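Below is my_file-v1.cif, holding mmCIF, C-alpha atoms.
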```cif
data_input
loop_
_atom_site.group_PDB
_atom_site.id
_atom_site.type_symbol
_atom_site.label_atom_id
_atom_site.label_comp_id
_atom_site.auth_asym_id
_atom_site.auth_seq_id
_atom_site.Cartn_x
_atom_site.Cartn_y
_atom_site.Cartn_z
ATOM 1 C CA MET O 1 -148.023 -31.856 299.499
ATOM 2 C CA ALA O 2 -145.640 -30.716 296.726
ATOM 3 C CA ARG O 3 -147.195 -28.732 293.892
ATOM 4 C CA ARG O 4 -146.465 -29.588 290.213
ATOM 5 C CA ARG O 5 -145.970 -26.824 287.670
ATOM 6 C CA ARG O 6 -145.514 -27.075 283.912
ATOM 7 C CA SER O 7 -142.672 -24.903 282.610
ATOM 8 C CA PHE O 8 -142.738 -22.944 279.357
ATOM 9 C CA SER O 9 -140.743 -25.741 277.658
ATOM 10 C CA GLY O 10 -143.347 -28.376 278.444
ATOM 11 C CA VAL O 11 -141.045 -30.182 280.931
ATOM 12 C CA ARG O 12 -142.634 -30.986 284.305
ATOM 13 C CA THR O 13 -140.783 -29.610 287.357
ATOM 14 C CA ARG O 14 -141.372 -30.214 291.061
ATOM 15 C CA ARG O 15 -140.805 -28.036 294.132
ATOM 16 C CA ASP O 16 -139.577 -29.595 297.352
ATOM 17 C CA ARG O 17 -140.756 -28.667 300.880
ATOM 18 C CA ASN O 18 -138.508 -25.598 300.917
ATOM 19 C CA GLY O 19 -140.011 -24.323 297.660
ATOM 20 C CA CYS O 20 -136.909 -25.043 295.521
ATOM 21 C CA VAL O 21 -137.357 -26.402 292.020
ATOM 22 C CA ARG O 22 -136.228 -30.003 291.498
ATOM 23 C CA ALA O 23 -135.510 -30.772 287.845
ATOM 24 C CA PRO O 24 -136.161 -34.263 286.464
ATOM 25 C CA PRO O 25 -133.139 -36.400 285.406
ATOM 26 C CA THR O 26 -133.799 -35.812 281.681
ATOM 27 C CA LEU O 27 -133.477 -32.048 282.132
ATOM 28 C CA LEU O 28 -130.260 -32.468 284.126
ATOM 29 C CA LEU O 29 -128.854 -34.699 281.367
ATOM 30 C CA LEU O 30 -129.665 -32.098 278.716
ATOM 31 C CA ALA O 31 -127.969 -29.418 280.790
ATOM 32 C CA LEU O 32 -124.899 -31.614 281.225
ATOM 33 C CA CYS O 33 -124.663 -32.268 277.467
ATOM 34 C CA ALA O 34 -124.929 -28.557 276.746
ATOM 35 C CA ALA O 35 -122.024 -27.931 279.120
ATOM 36 C CA LEU O 36 -119.691 -30.446 277.461
ATOM 37 C CA PRO O 37 -116.617 -28.906 275.760
ATOM 38 C CA ALA O 38 -116.441 -28.549 271.980
ATOM 39 C CA GLY O 39 -115.415 -31.746 270.267
ATOM 40 C CA ALA O 40 -117.123 -34.035 272.771
ATOM 41 C CA SER O 41 -119.870 -34.874 270.271
ATOM 42 C CA ALA O 42 -119.418 -36.619 266.946
ATOM 43 C CA ASP O 43 -120.756 -33.657 265.024
ATOM 44 C CA ASP O 44 -120.186 -30.315 266.746
ATOM 45 C CA GLY O 45 -122.312 -28.288 264.366
ATOM 46 C CA ALA O 46 -125.322 -30.614 264.342
ATOM 47 C CA ALA O 47 -127.046 -28.973 267.331
ATOM 48 C CA SER O 48 -127.052 -25.456 265.887
ATOM 49 C CA PRO O 49 -128.223 -24.231 262.495
ATOM 50 C CA PRO O 50 -125.469 -23.436 259.970
ATOM 51 C CA PRO O 51 -124.452 -19.790 259.635
ATOM 52 C CA TRP O 52 -125.633 -17.791 256.665
ATOM 53 C CA LEU O 53 -122.073 -17.639 255.316
ATOM 54 C CA GLY O 54 -119.173 -19.914 256.171
ATOM 55 C CA ALA O 55 -115.645 -20.297 254.842
ATOM 56 C CA ARG O 56 -112.937 -22.937 254.725
ATOM 57 C CA LEU O 57 -109.234 -22.756 253.836
ATOM 58 C CA SER O 58 -106.877 -25.736 253.603
ATOM 59 C CA ALA O 59 -103.149 -25.590 252.864
ATOM 60 C CA THR O 60 -101.341 -28.873 252.265
ATOM 61 C CA GLY O 61 -98.074 -30.315 251.100
ATOM 62 C CA TRP O 62 -98.419 -33.104 248.556
ATOM 63 C CA LEU O 63 -95.653 -35.712 248.351
ATOM 64 C CA ALA O 64 -95.860 -36.435 244.635
ATOM 65 C CA SER O 65 -93.902 -38.100 241.866
ATOM 66 C CA LEU O 66 -94.456 -37.268 238.177
ATOM 67 C CA GLU O 67 -94.550 -39.792 235.335
ATOM 68 C CA GLY O 68 -95.558 -39.650 231.670
ATOM 69 C CA HIS O 69 -94.487 -37.898 228.483
ATOM 70 C CA LEU O 70 -94.459 -34.379 226.995
ATOM 71 C CA GLN O 71 -94.693 -34.777 223.208
ATOM 72 C CA THR O 72 -94.353 -31.251 221.745
ATOM 73 C CA PRO O 73 -94.075 -30.604 217.975
ATOM 74 C CA ARG O 74 -93.541 -27.258 216.269
ATOM 75 C CA GLY O 75 -96.710 -26.069 214.566
ATOM 76 C CA GLY O 76 -97.912 -29.653 214.122
ATOM 77 C CA GLY O 77 -95.258 -30.274 211.475
ATOM 78 C CA ALA O 78 -94.266 -33.837 210.582
ATOM 79 C CA GLY O 79 -90.957 -34.967 212.073
ATOM 80 C CA THR O 80 -90.781 -32.119 214.601
ATOM 81 C CA THR O 81 -91.183 -34.389 217.662
ATOM 82 C CA SER O 82 -90.223 -37.855 218.804
ATOM 83 C CA LYS O 83 -93.233 -40.065 219.486
ATOM 84 C CA ARG O 84 -94.371 -39.907 223.126
ATOM 85 C CA ARG O 85 -91.161 -38.215 224.167
ATOM 86 C CA PRO O 86 -89.514 -36.820 226.099
ATOM 87 C CA THR O 87 -90.586 -38.891 229.064
ATOM 88 C CA VAL O 88 -90.591 -37.134 232.402
ATOM 89 C CA ASP O 89 -87.889 -39.455 233.749
ATOM 90 C CA GLU O 90 -85.407 -39.142 230.877
ATOM 91 C CA ILE O 91 -85.108 -35.358 231.291
ATOM 92 C CA GLY O 92 -84.754 -35.464 235.071
ATOM 93 C CA LEU O 93 -88.260 -34.484 236.201
ATOM 94 C CA GLY O 94 -89.119 -37.732 237.984
ATOM 95 C CA GLY O 95 -88.672 -38.485 241.677
ATOM 96 C CA LEU O 96 -90.497 -37.329 244.775
ATOM 97 C CA GLN O 97 -91.433 -33.655 245.064
ATOM 98 C CA VAL O 98 -93.391 -31.757 247.714
ATOM 99 C CA LEU O 99 -96.046 -29.764 245.848
ATOM 100 C CA PRO O 100 -98.120 -27.060 247.572
ATOM 101 C CA THR O 101 -101.909 -27.132 247.226
ATOM 102 C CA LEU O 102 -104.639 -24.757 248.363
ATOM 103 C CA ASP O 103 -108.332 -25.461 248.775
ATOM 104 C CA ALA O 104 -110.842 -22.740 249.681
ATOM 105 C CA ALA O 105 -114.626 -22.664 249.878
ATOM 106 C CA LEU O 106 -117.502 -20.330 250.630
ATOM 107 C CA VAL O 107 -120.607 -22.038 252.021
ATOM 108 C CA VAL O 108 -123.932 -20.184 251.790
ATOM 109 C CA ARG O 109 -126.701 -21.282 254.192
ATOM 110 C CA GLY O 110 -124.959 -24.606 254.722
ATOM 111 C CA GLY O 111 -126.151 -26.005 251.387
ATOM 112 C CA HIS O 112 -124.386 -24.138 248.571
ATOM 113 C CA GLU O 113 -120.612 -24.429 248.360
ATOM 114 C CA LEU O 114 -118.373 -22.479 245.985
ATOM 115 C CA ARG O 115 -115.020 -24.281 245.767
ATOM 116 C CA PHE O 116 -111.565 -23.193 244.632
ATOM 117 C CA ASP O 117 -108.725 -25.712 244.360
ATOM 118 C CA TYR O 118 -105.174 -24.961 243.207
ATOM 119 C CA VAL O 119 -102.288 -27.391 242.724
ATOM 120 C CA HIS O 120 -98.908 -25.801 242.031
ATOM 121 C CA ILE O 121 -96.811 -28.115 239.844
ATOM 122 C CA ASP O 122 -93.499 -26.490 238.878
ATOM 123 C CA VAL O 123 -90.452 -28.786 238.827
ATOM 124 C CA GLU O 124 -86.936 -28.577 237.418
ATOM 125 C CA GLY O 125 -84.319 -31.223 236.713
ATOM 126 C CA SER O 126 -81.360 -32.380 234.669
ATOM 127 C CA ASP O 127 -80.146 -35.639 233.132
ATOM 128 C CA THR O 128 -78.216 -37.176 230.235
ATOM 129 C CA LEU O 129 -80.132 -38.516 227.242
ATOM 130 C CA GLU O 130 -79.541 -42.158 226.402
ATOM 131 C CA GLU O 131 -80.905 -41.732 222.866
ATOM 132 C CA ALA O 132 -81.434 -38.841 220.470
ATOM 133 C CA LEU O 133 -84.540 -36.721 220.982
ATOM 134 C CA VAL O 134 -86.439 -34.302 218.748
ATOM 135 C CA SER O 135 -88.728 -31.875 220.557
ATOM 136 C CA GLN O 136 -90.360 -28.783 219.007
ATOM 137 C CA ASP O 137 -88.112 -29.337 215.952
ATOM 138 C CA VAL O 138 -84.958 -29.123 218.086
ATOM 139 C CA LEU O 139 -82.483 -32.033 217.937
ATOM 140 C CA PHE O 140 -80.908 -33.235 221.186
ATOM 141 C CA PRO O 141 -78.209 -35.828 220.289
ATOM 142 C CA SER O 142 -77.671 -39.017 222.244
ATOM 143 C CA GLY O 143 -75.496 -38.339 225.275
ATOM 144 C CA SER O 144 -76.654 -34.711 225.586
ATOM 145 C CA SER O 145 -76.701 -33.212 229.047
ATOM 146 C CA VAL O 146 -80.091 -31.499 229.351
ATOM 147 C CA ARG O 147 -81.764 -29.136 231.794
ATOM 148 C CA SER O 148 -85.544 -29.180 231.995
ATOM 149 C CA ARG O 149 -88.516 -27.485 233.590
ATOM 150 C CA LEU O 150 -92.207 -28.400 233.671
ATOM 151 C CA GLY O 151 -94.961 -26.134 234.910
ATOM 152 C CA LEU O 152 -98.400 -27.710 235.069
ATOM 153 C CA PRO O 153 -100.463 -25.914 237.737
ATOM 154 C CA VAL O 154 -104.190 -26.696 237.744
ATOM 155 C CA LEU O 155 -106.895 -24.335 239.023
ATOM 156 C CA ARG O 156 -110.434 -25.587 239.658
ATOM 157 C CA MET O 157 -113.535 -23.493 240.346
ATOM 158 C CA GLY O 158 -116.720 -25.386 241.129
ATOM 159 C CA TYR O 159 -120.104 -25.564 242.805
ATOM 160 C CA ARG O 160 -121.026 -28.345 245.225
ATOM 161 C CA ALA O 161 -124.685 -28.967 246.146
ATOM 162 C CA HIS O 162 -125.003 -30.011 249.797
ATOM 163 C CA TRP O 163 -128.720 -29.226 249.812
ATOM 164 C CA LEU O 164 -129.646 -32.374 247.890
ATOM 165 C CA PRO O 165 -131.172 -35.048 250.190
ATOM 166 C CA LEU O 166 -128.273 -37.502 249.818
ATOM 167 C CA ARG O 167 -127.703 -38.171 253.520
ATOM 168 C CA TRP O 168 -127.793 -41.146 255.837
ATOM 169 C CA GLY O 169 -126.687 -41.104 259.444
ATOM 170 C CA GLY O 170 -123.960 -38.498 259.716
ATOM 171 C CA TRP O 171 -122.741 -39.134 256.149
ATOM 172 C CA SER O 172 -123.511 -37.020 253.094
ATOM 173 C CA LEU O 173 -122.903 -37.280 249.348
ATOM 174 C CA ALA O 174 -122.768 -34.095 247.260
ATOM 175 C CA PRO O 175 -122.354 -33.695 243.477
ATOM 176 C CA GLU O 176 -120.072 -31.026 242.048
ATOM 177 C CA VAL O 177 -119.709 -29.260 238.703
ATOM 178 C CA GLY O 178 -117.126 -26.720 237.631
ATOM 179 C CA VAL O 179 -114.367 -25.559 235.296
ATOM 180 C CA ALA O 180 -110.658 -26.383 235.481
ATOM 181 C CA VAL O 181 -107.739 -24.614 233.803
ATOM 182 C CA ALA O 182 -104.359 -26.319 233.285
ATOM 183 C CA PHE O 183 -101.382 -24.065 232.554
ATOM 184 C CA PHE O 184 -98.679 -25.926 230.628
ATOM 185 C CA ARG O 185 -95.079 -24.745 230.266
ATOM 186 C CA TYR O 186 -92.212 -26.946 229.098
ATOM 187 C CA GLU O 187 -88.560 -25.926 228.770
ATOM 188 C CA LEU O 188 -85.603 -28.015 227.605
ATOM 189 C CA THR O 189 -82.052 -26.804 226.930
ATOM 190 C CA SER O 190 -78.650 -28.367 226.239
ATOM 191 C CA PRO O 191 -75.249 -27.085 225.028
ATOM 192 C CA SER O 192 -75.308 -29.922 222.461
ATOM 193 C CA ALA O 193 -78.734 -29.094 221.015
ATOM 194 C CA SER O 194 -79.513 -27.175 217.831
ATOM 195 C CA GLY O 195 -81.690 -24.767 219.807
ATOM 196 C CA GLU O 196 -83.899 -24.698 222.897
ATOM 197 C CA VAL O 197 -87.472 -25.620 223.699
ATOM 198 C CA ASP O 198 -89.804 -23.159 225.420
ATOM 199 C CA ARG O 199 -93.489 -23.915 224.867
ATOM 200 C CA SER O 200 -96.447 -22.713 226.911
ATOM 201 C CA TYR O 201 -100.240 -22.694 226.601
ATOM 202 C CA SER O 202 -103.336 -23.250 228.733
ATOM 203 C CA VAL O 203 -106.377 -25.456 228.326
ATOM 204 C CA ALA O 204 -109.769 -25.085 230.052
ATOM 205 C CA PHE O 205 -112.295 -27.885 230.451
ATOM 206 C CA PRO O 206 -115.440 -28.657 232.462
ATOM 207 C CA TYR O 207 -115.381 -31.301 235.166
ATOM 208 C CA PHE O 208 -117.867 -33.215 237.275
ATOM 209 C CA GLY O 209 -117.309 -34.634 240.745
ATOM 210 C CA LEU O 210 -118.643 -36.176 243.939
ATOM 211 C CA GLY O 211 -117.804 -35.577 247.577
ATOM 212 C CA LEU O 212 -118.520 -38.048 250.374
ATOM 213 C CA SER O 213 -117.928 -37.194 254.040
ATOM 214 C CA GLY O 214 -118.885 -38.448 257.476
ATOM 215 C CA PRO O 215 -117.685 -38.939 261.064
ATOM 216 C CA LEU O 216 -115.432 -41.795 262.184
ATOM 217 C CA ALA O 217 -114.995 -40.673 265.802
ATOM 218 C CA ALA O 218 -115.645 -37.690 268.058
ATOM 219 C CA ARG O 219 -113.125 -35.373 266.348
ATOM 220 C CA LEU O 220 -112.259 -37.429 263.275
ATOM 221 C CA ARG O 221 -113.904 -37.318 259.842
ATOM 222 C CA LEU O 222 -113.317 -39.115 256.563
ATOM 223 C CA GLU O 223 -113.676 -37.258 253.241
ATOM 224 C CA LEU O 224 -113.558 -38.721 249.727
ATOM 225 C CA ASP O 225 -113.368 -36.400 246.688
ATOM 226 C CA VAL O 226 -113.364 -37.439 243.021
ATOM 227 C CA GLN O 227 -113.403 -35.098 240.000
ATOM 228 C CA GLY O 228 -113.152 -36.064 236.350
ATOM 229 C CA SER O 229 -113.565 -34.913 232.756
ATOM 230 C CA GLY O 230 -113.415 -36.269 229.231
ATOM 231 C CA ILE O 231 -114.081 -32.971 227.432
ATOM 232 C CA GLU O 232 -111.064 -31.115 225.955
ATOM 233 C CA ALA O 233 -108.829 -33.194 228.234
ATOM 234 C CA ASP O 234 -108.876 -36.518 230.050
ATOM 235 C CA TYR O 235 -108.671 -35.604 233.708
ATOM 236 C CA VAL O 236 -109.092 -37.458 237.003
ATOM 237 C CA ASP O 237 -108.319 -36.130 240.476
ATOM 238 C CA ALA O 238 -109.097 -38.279 243.520
ATOM 239 C CA GLU O 239 -108.301 -37.885 247.197
ATOM 240 C CA ALA O 240 -109.172 -39.682 250.436
ATOM 241 C CA ARG O 241 -108.372 -37.707 253.586
ATOM 242 C CA LEU O 242 -108.752 -37.849 257.336
ATOM 243 C CA VAL O 243 -109.645 -34.590 259.097
ATOM 244 C CA TYR O 244 -108.901 -34.372 262.822
ATOM 245 C CA GLN O 245 -110.212 -31.364 264.743
ATOM 246 C CA LEU O 246 -107.430 -29.924 266.908
ATOM 247 C CA PHE O 247 -109.459 -27.254 268.679
ATOM 248 C CA ARG O 248 -112.487 -25.030 268.339
ATOM 249 C CA TRP O 249 -113.232 -21.477 269.440
ATOM 250 C CA ARG O 250 -116.838 -20.417 268.870
ATOM 251 C CA ARG O 251 -117.459 -21.153 265.169
ATOM 252 C CA THR O 252 -113.776 -21.308 264.201
ATOM 253 C CA ARG O 253 -112.324 -24.783 263.871
ATOM 254 C CA THR O 254 -108.712 -25.740 263.221
ATOM 255 C CA SER O 255 -108.001 -29.253 261.949
ATOM 256 C CA ALA O 256 -105.090 -31.354 260.743
ATOM 257 C CA THR O 257 -105.489 -33.305 257.497
ATOM 258 C CA LEU O 258 -103.784 -36.456 256.226
ATOM 259 C CA GLY O 259 -104.678 -37.885 252.842
ATOM 260 C CA LEU O 260 -103.766 -39.811 249.720
ATOM 261 C CA ARG O 261 -104.161 -38.006 246.376
ATOM 262 C CA GLY O 262 -103.609 -38.793 242.711
ATOM 263 C CA THR O 263 -104.046 -36.764 239.503
ATOM 264 C CA TRP O 264 -103.990 -37.760 235.843
ATOM 265 C CA LEU O 265 -104.041 -35.248 232.984
ATOM 266 C CA HIS O 266 -103.934 -36.270 229.321
ATOM 267 C CA ARG O 267 -104.497 -33.825 226.509
ATOM 268 C CA VAL O 268 -104.007 -34.312 222.748
ATOM 269 C CA ASP O 269 -104.760 -31.436 220.365
ATOM 270 C CA SER O 270 -106.150 -31.678 216.814
ATOM 271 C CA GLN O 271 -103.120 -30.779 214.670
ATOM 272 C CA ARG O 272 -102.971 -32.914 211.558
ATOM 273 C CA ASP O 273 -99.458 -34.397 211.355
ATOM 274 C CA GLU O 274 -98.025 -34.184 214.845
ATOM 275 C CA GLN O 275 -100.006 -33.348 217.963
ATOM 276 C CA ASN O 276 -99.173 -31.828 221.316
ATOM 277 C CA ASP O 277 -99.583 -34.921 223.476
ATOM 278 C CA VAL O 278 -99.166 -34.305 227.207
ATOM 279 C CA ASN O 279 -99.809 -37.283 229.456
ATOM 280 C CA VAL O 280 -98.836 -36.828 233.115
ATOM 281 C CA ARG O 281 -99.661 -38.897 236.203
ATOM 282 C CA VAL O 282 -98.997 -37.351 239.599
ATOM 283 C CA GLY O 283 -98.998 -38.633 243.172
ATOM 284 C CA ALA O 284 -100.872 -41.853 243.906
ATOM 285 C CA PHE O 285 -101.421 -42.463 240.163
ATOM 286 C CA SER O 286 -97.663 -42.836 239.610
ATOM 287 C CA THR O 287 -95.801 -46.094 240.258
ATOM 288 C CA ASP O 288 -93.728 -44.672 243.129
ATOM 289 C CA PRO O 289 -94.954 -46.512 246.269
ATOM 290 C CA TRP O 290 -94.297 -43.485 248.519
ATOM 291 C CA ALA O 291 -96.032 -40.914 246.344
ATOM 292 C CA GLY O 292 -99.476 -39.457 246.986
ATOM 293 C CA LEU O 293 -99.443 -38.557 250.683
ATOM 294 C CA SER O 294 -100.814 -35.120 251.575
ATOM 295 C CA PHE O 295 -100.625 -33.376 254.941
ATOM 296 C CA GLY O 296 -101.772 -29.959 256.055
ATOM 297 C CA LEU O 297 -103.965 -27.655 258.110
ATOM 298 C CA ARG O 298 -107.556 -26.499 257.682
ATOM 299 C CA ILE O 299 -109.362 -23.510 259.158
ATOM 300 C CA GLU O 300 -113.178 -23.302 259.074
ATOM 301 C CA LEU O 301 -115.173 -20.203 259.939
#
```
Represent the structure from my file as structure tokens, please.
Amino acid sequence: MARRRRSFSGVRTRRDRNGCVRAPPTLLLLALCAALPAGASADDGAASPPPWLGARLSATGWLASLEGHLQTPRGGGAGTTSKRRPTVDEIGLGGLQVLPTLDAALVVRGGHELRFDYVHIDVEGSDTLEEALVSQDVLFPSGSSVRSRLGLPVLRMGYRAHWLPLRWGGWSLAPEVGVAVAFFRYELTSPSASGEVDRSYSVAFPYFGLGLSGPLAARLRLELDVQGSGIEADYVDAEARLVYQLFRWRRTRTSATLGLRGTWLHRVDSQRDEQNDVNVRVGAFSTDPWAGLSFGLRIEL
């Protein structure tokens, strides 16, 4: 008669007549699951505890179109700028552009994430003015051929709290808080003008955000990110993206990303007569139906 023996794991095993161990079907199923290749489960990292320190780097191209205005007086003096002008389109800065973006993060114990996000906005253009323009106390007559440049890169540094118990199923919601810095530079020149415009400054402001993520399929995830501020500047950045895992080697994952992103930045200073009034919509927040798509690669360690 076969003898039963309890293993160290608490699972009952049985020996056949030759003395060989016969494992129950549940144990064989567990062994089979453990032998499946990476990516066969909906959440590869769910079975093992998170590492003490992890990292993520994403590089994307953002198909974006700029709209808005760049009102820029000289020293806040009356009459030194046209109201809500120049518009981005009238000086040749509209149209689709591919803007590079970088997103990096350090994750400590799986629950504390330090995030760094950089969007490089630096575009040049040219056009002919249909009506006279005054910008930074420089007169550009009607019919002037102008060359322009706008630099508006935005750097964000934030903290996202994954440790809060905002989870259901495989989905999680994490709040974020941080500081953003927008670097503004505006140039406008013309042979017909009384001078040239070259104005630059930076503005820093706090922001608050939320991140929602969860699995859609075995290797496919959906992520939604929203950040916003109403202090020092009106700012909204929102993106929905799909993340598809291409392959995995140990703890290193490489994924492709495809998303839709929009940014709005509006900042008016406190000068008495005329104010610097920059109001720019980028990507999905513009009226261009093709703008906003983002595509790139992500590496997670």
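Counting all atoms listed in the file, the residue from O:Leu57, O:Leu260, O:Ala161, O:Val282 that sits nearest to Arg109 (chain O) is O:Ala161.
Every protein, DNA or RNA residue with an atom at most 9 Å from region 112-116 of chain O, where all atoms listed in the file count and chain neighbours fewer than 4 positions away do not, is listed here: O:Leu102, O:Asp103, O:Ala104, O:Ala105, O:Leu106, O:Val107, O:Val108, O:Leu155, O:Arg156, O:Met157, O:Gly158, O:Tyr159, O:Arg160, O:Ala161, O:His162, O:Trp163, O:Gly178.
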Quiz item: Can you list, as a PyMOL selection string, every protein, DNA or RNA residue that comes within 10 Å of Pro175 (chain O) when you count all atoms listed in the file, leaving out same-chain residues fewer than 3 positions away?
Solution: chain O and resi 159-162+164+166+208-212+225-227
How close does each residue of region 86-119 of chain O get to region 58-65 of chain O, giving the shortest atom pair and distance in Å to one decimal for every residue with an atom at most 6 Å away, counting only C-alpha atoms, sorted by chain and residue number, as JSON lines?
```
{"residue": "O:Gly95", "atom": "CA", "partner": "O:Ser65", "partner_atom": "CA", "distance": 5.2}
{"residue": "O:Leu96", "atom": "CA", "partner": "O:Ser65", "partner_atom": "CA", "distance": 4.5}
{"residue": "O:Gln97", "atom": "CA", "partner": "O:Ala64", "partner_atom": "CA", "distance": 5.2}
{"residue": "O:Val98", "atom": "CA", "partner": "O:Leu63", "partner_atom": "CA", "distance": 4.6}
{"residue": "O:Leu99", "atom": "CA", "partner": "O:Trp62", "partner_atom": "CA", "distance": 4.9}
{"residue": "O:Pro100", "atom": "CA", "partner": "O:Gly61", "partner_atom": "CA", "distance": 4.8}
{"residue": "O:Thr101", "atom": "CA", "partner": "O:Thr60", "partner_atom": "CA", "distance": 5.4}
{"residue": "O:Leu102", "atom": "CA", "partner": "O:Ala59", "partner_atom": "CA", "distance": 4.8}
{"residue": "O:Asp103", "atom": "CA", "partner": "O:Ser58", "partner_atom": "CA", "distance": 5.0}
```
Quiz item: Using all atoms listed in the file, which of the listed residues (O:Asn276, O:Ser172, O:Ser255, O:Ser126) sits closest to Gly92 (chain O)?
Solution: O:Ser126
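Interatomic distance, CA of Gln71 (chain O) to CA of Ser145 (chain O): 19.0 Å.
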Compute the distance from (-117.8, -42.4, 259.7) to each atom, counting only C-alpha atoms, keep the residues with any atom at most 12 Å away, and return them as a PDB file with C-alpha atoms, keeping the file's coordinate frame; use the coordinates of the file.
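Final file, result-v5.pdb:
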```
ATOM      1  CA  ALA O  42    -119.418 -36.619 266.946  1.00  0.00           C
ATOM      2  CA  ASP O  43    -120.756 -33.657 265.024  1.00  0.00           C
ATOM      3  CA  TRP O 168    -127.793 -41.146 255.837  1.00  0.00           C
ATOM      4  CA  GLY O 169    -126.687 -41.104 259.444  1.00  0.00           C
ATOM      5  CA  GLY O 170    -123.960 -38.498 259.716  1.00  0.00           C
ATOM      6  CA  TRP O 171    -122.741 -39.134 256.149  1.00  0.00           C
ATOM      7  CA  SER O 172    -123.511 -37.020 253.094  1.00  0.00           C
ATOM      8  CA  LEU O 212    -118.520 -38.048 250.374  1.00  0.00           C
ATOM      9  CA  SER O 213    -117.928 -37.194 254.040  1.00  0.00           C
ATOM     10  CA  GLY O 214    -118.885 -38.448 257.476  1.00  0.00           C
ATOM     11  CA  PRO O 215    -117.685 -38.939 261.064  1.00  0.00           C
ATOM     12  CA  LEU O 216    -115.432 -41.795 262.184  1.00  0.00           C
ATOM     13  CA  ALA O 217    -114.995 -40.673 265.802  1.00  0.00           C
ATOM     14  CA  ALA O 218    -115.645 -37.690 268.058  1.00  0.00           C
ATOM     15  CA  ARG O 219    -113.125 -35.373 266.348  1.00  0.00           C
ATOM     16  CA  LEU O 220    -112.259 -37.429 263.275  1.00  0.00           C
ATOM     17  CA  ARG O 221    -113.904 -37.318 259.842  1.00  0.00           C
ATOM     18  CA  LEU O 222    -113.317 -39.115 256.563  1.00  0.00           C
ATOM     19  CA  GLU O 223    -113.676 -37.258 253.241  1.00  0.00           C
ATOM     20  CA  LEU O 224    -113.558 -38.721 249.727  1.00  0.00           C
ATOM     21  CA  LEU O 242    -108.752 -37.849 257.336  1.00  0.00           C
ATOM     22  CA  VAL O 243    -109.645 -34.590 259.097  1.00  0.00           C
TER      23      VAL O 243
END
```
